[in-house]
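Quick look at run.tsv (TSV, C-alpha atoms):
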chain	number	residue	atom	x	y	z
A	1	MET	CA	-28.62	-5.30	-5.00
A	2	ARG	CA	-30.99	-4.40	-2.19
A	3	PRO	CA	-31.10	-0.72	-1.09
A	4	ALA	CA	-29.95	-1.69	2.42
A	5	ARG	CA	-26.89	-3.43	1.01
A	6	LEU	CA	-26.13	-0.45	-1.25
A	7	ALA	CA	-26.39	1.86	1.78
A	8	ALA	CA	-24.06	-0.44	3.71
A	9	ILE	CA	-21.45	-0.25	0.97
A	10	GLY	CA	-21.74	3.54	1.08
A	11	LEU	CA	-21.36	3.51	4.84
A	12	LEU	CA	-18.25	1.38	4.56
A	13	ALA	CA	-16.48	4.20	3.23
A	14	ILE	CA	-17.14	5.93	6.46
A	15	ALA	CA	-18.32	4.29	9.21
A	16	ALA	CA	-20.71	0.89	20.18
A	17	VAL	CA	-17.75	-0.82	21.22
A	18	PRO	CA	-15.74	1.86	22.99
A	19	ALA	CA	-12.26	2.06	21.53
A	20	ALA	CA	-9.45	0.53	23.48
A	21	ALA	CA	-6.26	2.54	23.53
A	22	ALA	CA	-5.93	4.44	20.30
A	23	GLY	CA	-3.44	3.21	17.76
A	24	PRO	CA	-0.10	4.90	17.28
A	25	ALA	CA	-0.40	8.57	16.51
A	26	PRO	CA	0.54	9.62	12.99
A	27	ALA	CA	3.78	11.58	12.72
A	28	LYS	CA	3.50	15.30	13.42
A	29	GLY	CA	3.57	17.45	10.32
A	30	CYS	CA	2.29	14.76	8.00
A	31	THR	CA	0.64	15.68	4.72
A	32	THR	CA	-2.82	14.81	3.44
A	33	ARG	CA	-1.11	12.32	1.12
A	34	ASP	CA	0.64	10.71	4.12
A	35	VAL	CA	-2.75	10.20	5.79
A	36	ALA	CA	-4.24	8.76	2.59
A	37	ASN	CA	-1.24	6.45	2.14
A	38	GLY	CA	-1.63	5.21	5.72
A	39	PHE	CA	-5.42	4.87	5.87
A	40	ILE	CA	-6.19	3.41	2.42
A	41	PRO	CA	-4.20	0.16	2.67
A	42	LEU	CA	-5.39	-0.56	6.22
A	43	PHE	CA	-9.07	0.14	5.67
A	44	TYR	CA	-9.94	-0.36	2.01
A	45	GLU	CA	-7.43	-3.05	1.06
A	46	GLN	CA	-6.89	-5.04	4.28
A	47	GLY	CA	-10.20	-4.43	6.05
A	48	LYS	CA	-8.46	-3.59	9.35
A	49	VAL	CA	-11.27	-1.34	10.51
A	50	ARG	CA	-10.27	-0.68	14.12
A	51	GLU	CA	-6.58	-0.21	13.36
A	52	ALA	CA	-7.28	2.15	10.43
A	53	TYR	CA	-9.81	4.25	12.33
A	54	GLU	CA	-7.95	4.41	15.64
A	55	THR	CA	-4.73	5.36	13.87
A	56	TRP	CA	-5.98	7.81	11.24
A	57	VAL	CA	-9.44	9.13	12.22
A	58	ALA	CA	-10.17	11.82	14.83
A	59	GLU	CA	-12.49	10.88	17.69
A	60	ASP	CA	-14.90	13.71	16.80
A	61	TYR	CA	-14.99	12.74	13.10
A	62	LYS	CA	-17.86	14.50	11.25
A	63	GLN	CA	-20.07	12.45	8.97
A	64	HIS	CA	-22.07	13.88	6.06
A	65	ASN	CA	-23.68	10.60	4.99
A	66	PRO	CA	-27.27	10.95	6.31
A	67	ASN	CA	-27.32	7.25	7.25
A	68	ALA	CA	-24.28	7.44	9.52
A	69	THR	CA	-23.61	8.84	12.96
A	70	ASP	CA	-20.77	11.23	13.79
A	71	GLY	CA	-17.72	9.95	15.61
A	72	ARG	CA	-14.90	7.46	15.14
A	73	ASP	CA	-16.36	4.94	17.60
A	74	ALA	CA	-19.71	4.97	15.76
A	75	ALA	CA	-17.95	4.14	12.48
A	76	ILE	CA	-16.02	1.28	14.10
A	77	ALA	CA	-19.20	-0.02	15.75
A	78	PHE	CA	-20.92	-0.18	12.36
A	79	LEU	CA	-18.03	-1.41	10.25
A	80	GLU	CA	-16.59	-4.21	12.38
A	81	PRO	CA	-19.87	-6.19	12.57
A	82	PHE	CA	-20.49	-5.56	8.86
A	83	TYR	CA	-17.14	-7.15	8.00
A	84	GLN	CA	-17.84	-10.08	10.36
A	85	ARG	CA	-21.25	-10.70	8.71
A	86	ASN	CA	-19.82	-10.29	5.19
A	87	PRO	CA	-16.45	-12.06	5.08
A	88	THR	CA	-16.33	-12.00	1.27
A	89	HIS	CA	-16.83	-8.22	1.12
A	90	LYS	CA	-14.13	-6.50	-0.92
A	91	MET	CA	-13.25	-2.91	-1.75
A	92	THR	CA	-11.03	-2.18	-4.73
A	93	VAL	CA	-9.44	1.26	-4.95
A	94	TYR	CA	-9.09	2.61	-8.49
A	95	ARG	CA	-8.08	6.23	-7.96
A	96	VAL	CA	-6.92	8.54	-5.19
A	97	LEU	CA	-6.94	12.30	-5.65
A	98	VAL	CA	-5.29	14.67	-3.16
A	99	ASP	CA	-5.93	18.40	-3.03
A	100	GLY	CA	-4.97	20.53	-0.05
A	101	ASP	CA	-6.60	19.10	3.07
A	102	LEU	CA	-8.87	16.73	1.07
A	103	PHE	CA	-8.41	13.33	-0.50
A	104	ALA	CA	-10.89	11.38	-2.58
A	105	VAL	CA	-10.99	7.61	-3.07
A	106	HIS	CA	-12.77	6.15	-6.12
A	107	LEU	CA	-13.60	2.54	-5.34
A	108	ARG	CA	-15.76	-0.49	-6.01
A	109	GLY	CA	-17.44	-2.29	-3.12
A	110	GLN	CA	-18.60	-5.87	-3.64
A	111	THR	CA	-20.22	-8.33	-1.27
A	112	GLY	CA	-18.59	-11.23	-3.14
A	113	PRO	CA	-16.91	-12.13	-6.43
A	114	ASP	CA	-20.22	-12.53	-8.32
A	115	ASP	CA	-21.65	-9.21	-7.10
A	116	PRO	CA	-21.30	-6.34	-9.61
A	117	GLY	CA	-21.26	-4.12	-6.53
A	118	ALA	CA	-21.34	-0.38	-6.27
A	119	ALA	CA	-19.08	2.45	-7.32
A	120	ALA	CA	-18.31	4.96	-4.61
A	121	VAL	CA	-16.29	8.08	-4.07
A	122	ASP	CA	-15.29	8.92	-0.53
A	123	ILE	CA	-14.09	12.46	0.13
A	124	LEU	CA	-12.15	12.87	3.36
A	125	ARG	CA	-10.85	16.03	5.04
A	126	VAL	CA	-7.61	15.93	7.03
A	127	LYS	CA	-6.55	18.16	9.90
A	128	ASP	CA	-3.57	17.64	12.21
A	129	CYS	CA	-2.73	14.28	10.56
A	130	ARG	CA	-6.21	12.83	11.18
A	131	ILE	CA	-9.31	12.35	9.05
A	132	VAL	CA	-11.85	14.75	10.53
A	133	GLU	CA	-14.69	14.79	8.01
A	134	HIS	CA	-16.29	12.49	5.39
A	135	TRP	CA	-18.64	12.79	2.40
A	136	ASP	CA	-19.55	10.00	-0.01
A	137	VAL	CA	-21.53	9.21	-3.12
A	138	THR	CA	-22.46	5.67	-4.11
A	139	GLN	CA	-23.99	4.25	-7.27
A	140	ARG	CA	-24.93	0.66	-8.01
A	141	VAL	CA	-23.02	-0.92	-10.90
A	142	PRO	CA	-25.69	-1.60	-13.56
A	143	GLU	CA	-25.99	-4.82	-15.54
A	144	SER	CA	-25.72	-2.86	-18.79
A	145	SER	CA	-24.50	0.57	-19.82
A	146	ALA	CA	-25.39	3.06	-22.54
A	147	ASN	CA	-21.65	3.35	-23.28
A	148	PRO	CA	-18.68	0.94	-23.38
A	149	ASN	CA	-16.56	2.89	-20.88
A	150	GLY	CA	-17.41	1.22	-17.56
A	151	MET	CA	-17.48	2.90	-14.17
A	152	PHE	CA	-13.87	2.27	-13.23

Full structure transcribed into structure tokens:
Amino acid sequence: MRPARLAAIGLLAIAAVPAAAAGPAPAKGCTTRDVANGFIPLFYEQGKVREAYETWVAEDYKQHNPNATDGRDAAIAFLEPFYQRNPTHKMTVYRVLVDGDLFAVHLRGQTGPDDPGAAAVDILRVKDCRIVEHWDVTQRVPESSANPNGMF
């Protein structure tokens, strides 16, 4: 997998067309788990970038990935064209951990069914029912492993 493609998979976890009207506001008083349960299916499983980000991500979203720009609109501007250029791209969520105002998503990103892809962990901070901050780590899935355990 080329480094640019690996970086793109990492950015998917995060990441301009100005947003139209924002999606419906999440319910007041929601929990971090409520946000995770709303965002994960839309973004990771269904690839509904704009709907997921406009509904669940704050406009002033902070990004800690050095290859990504701050802001919800910047993430949408990167992600929507990526999905259009890569229609066979798939993200599979294996684990979700919730602790206080943070949730972590352990996933596999693949450009197609024959691509071993990359393992990633996205860590997202929630405030006032919106995702306000993001960190990620990404590692290419190797062809062979020193152990039989796999990455997922």

Between A:Leu97, A:Val137, A:Ala77, A:Leu102, which has the minimum distance to His64 of chain A (counting only C-alpha atoms)?
->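 Checking each of A:Leu97, A:Val137, A:Ala77, A:Leu102 against His64 of chain A, counting only C-alpha atoms, the winner is A:Val137.
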
Find the residue from A:His134, A:Lys90, A:Arg33, A:Arg72 that sits nearest to Asp115 of chain A; use all atoms listed in the file when measuring.
-> A:Lys90

Selected residue, from A:Ser145, A:Val121, A:Cys129, A:Ala52, that lies nearest to Asn65 of chain A when counting only C-alpha atoms =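 Checking each of A:Ser145, A:Val121, A:Cys129, A:Ala52 against Asn65 of chain A, counting only C-alpha atoms, the winner is A:Val121.
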
Point out the residue among A:Tyr83, A:Phe78, A:Tyr61, A:Tyr94 with the least atom-to-atom distance to Trp135 of chain A, counting all atoms listed in the file.
-> A:Tyr61

What's around Phe43 of chain A at 9 Å? Count all atoms listed in the file, leave out sequence neighbours fewer than 6 positions away in its own chain, and write the answer as an mmCIF file with C-alpha atoms, in the coordinates of the input.
data_model
loop_
_atom_site.group_PDB
_atom_site.id
_atom_site.type_symbol
_atom_site.label_atom_id
_atom_site.label_comp_id
_atom_site.auth_asym_id
_atom_site.auth_seq_id
_atom_site.Cartn_x
_atom_site.Cartn_y
_atom_site.Cartn_z
ATOM 1 C CA ALA A 13 -16.480 4.200 3.230
ATOM 2 C CA VAL A 49 -11.270 -1.340 10.510
ATOM 3 C CA ARG A 50 -10.270 -0.680 14.120
ATOM 4 C CA GLU A 51 -6.580 -0.210 13.360
ATOM 5 C CA ALA A 52 -7.280 2.150 10.430
ATOM 6 C CA TYR A 53 -9.810 4.250 12.330
#

Of the listed residues A:Pro81, A:Gly100, A:Pro66, A:Pro148, that which approaches Thr31 of chain A most closely, counting all atoms listed in the file | A:Gly100

Point-to-point distance from atom CA of Val132 of chain A to atom CA of Gly38 of chain A, Å rounded to tenths |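 Calculated distance between atom CA of Val132 of chain A and atom CA of Gly38 of chain A is 14.8 Å.
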
Find the residues around Ala36 of chain A up to 7 Å (all atoms listed in the file counted), leave out those fewer than 4 positions away in its own chain, and share them as a list in words.
->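 Selected residues are Thr32, Ile40 and Phe103 of chain A.
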
Straight-line distance linking atom CA of Tyr44 of chain A with atom CA of Arg108 of chain A, stated in Å to one decimal | 9.9 Å

To one decimal in Å, tell me the separation between atom CA of Asn149 of chain A and atom CA of Gln46 of chain A.
->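 Between these atoms lies a distance of 28.1 Å.
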
Find, counting only C-alpha atoms, the residue in A:Arg95, A:Lys48, A:His106, A:Arg125 that gets nearest to Thr138 of chain A.
->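 Among A:Arg95, A:Lys48, A:His106, A:Arg125, it is A:His106 that comes nearest to Thr138 of chain A.
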
Would you compute, for all listed atoms of segment 93-110 of chain A, the axis-aligned bounding box grown by 3 Å on each side, and then report its centre and edge lengths in Å rounded to one decimal, as lines of an AutoDock Vina configuration file?
center_x = -11.8
center_y = 7.3
center_z = -2.7
size_x = 19.6
size_y = 32.4
size_z = 17.6

Excluding same-chain residues fewer than 4 positions from Gly71 of chain A, what lies within 7 Å of it counting only C-alpha atoms, as a list in words?
->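 The neighbour list is Glu59, Asp60, Tyr61, Lys62 and Ala75 of chain A.
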
Dump of C-alpha atoms for the selected residues, as a JSON list (two decimals), keeping the file's coordinate frame:
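To be explicit, this is the file written out as selection-v9.json:
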[["chain", "number", "residue", "atom", "x", "y", "z"],
["A", 59, "GLU", "CA", -12.49, 10.88, 17.69],
["A", 60, "ASP", "CA", -14.90, 13.71, 16.80],
["A", 61, "TYR", "CA", -14.99, 12.74, 13.10],
["A", 62, "LYS", "CA", -17.86, 14.50, 11.25],
["A", 75, "ALA", "CA", -17.95, 4.14, 12.48]]

Residue completion, segment 91-105 of chain A, N, CA and C atoms, as a compact mmCIF listing (two decimals), keeping the file's coordinate frame:
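Written output follows (selection08.txt):
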# COMPACT_ATOMS: atom_id res chain seq x y z
N MET A 91 -13.30 -4.26 -1.18
CA MET A 91 -13.25 -2.91 -1.75
C MET A 91 -11.99 -2.82 -2.60
N THR A 92 -12.16 -2.36 -3.82
CA THR A 92 -11.03 -2.18 -4.73
C THR A 92 -10.88 -0.70 -5.03
N VAL A 93 -9.72 -0.15 -4.71
CA VAL A 93 -9.44 1.26 -4.95
C VAL A 93 -8.90 1.43 -6.36
N TYR A 94 -9.51 2.34 -7.12
CA TYR A 94 -9.09 2.61 -8.49
C TYR A 94 -8.32 3.92 -8.62
N ARG A 95 -8.72 4.93 -7.86
CA ARG A 95 -8.08 6.23 -7.96
C ARG A 95 -8.06 6.91 -6.59
N VAL A 96 -7.01 7.69 -6.38
CA VAL A 96 -6.92 8.54 -5.19
C VAL A 96 -6.49 9.92 -5.67
N LEU A 97 -7.25 10.92 -5.30
CA LEU A 97 -6.94 12.30 -5.65
C LEU A 97 -6.67 13.07 -4.36
N VAL A 98 -5.63 13.88 -4.35
CA VAL A 98 -5.29 14.67 -3.16
C VAL A 98 -5.24 16.13 -3.56
N ASP A 99 -5.92 16.97 -2.78
CA ASP A 99 -5.93 18.40 -3.03
C ASP A 99 -6.02 19.13 -1.71
N GLY A 100 -4.97 19.79 -1.31
CA GLY A 100 -4.97 20.53 -0.05
C GLY A 100 -5.23 19.60 1.12
N ASP A 101 -6.28 19.91 1.90
CA ASP A 101 -6.60 19.10 3.07
C ASP A 101 -7.62 18.00 2.76
N LEU A 102 -7.89 17.75 1.48
CA LEU A 102 -8.87 16.73 1.07
C LEU A 102 -8.22 15.62 0.28
N PHE A 103 -8.74 14.39 0.45
CA PHE A 103 -8.41 13.33 -0.50
C PHE A 103 -9.68 12.58 -0.84
N ALA A 104 -9.72 12.10 -2.08
CA ALA A 104 -10.89 11.38 -2.58
C ALA A 104 -10.44 9.99 -3.02
N VAL A 105 -11.27 9.00 -2.72
CA VAL A 105 -10.99 7.61 -3.07
C VAL A 105 -12.12 7.12 -3.96
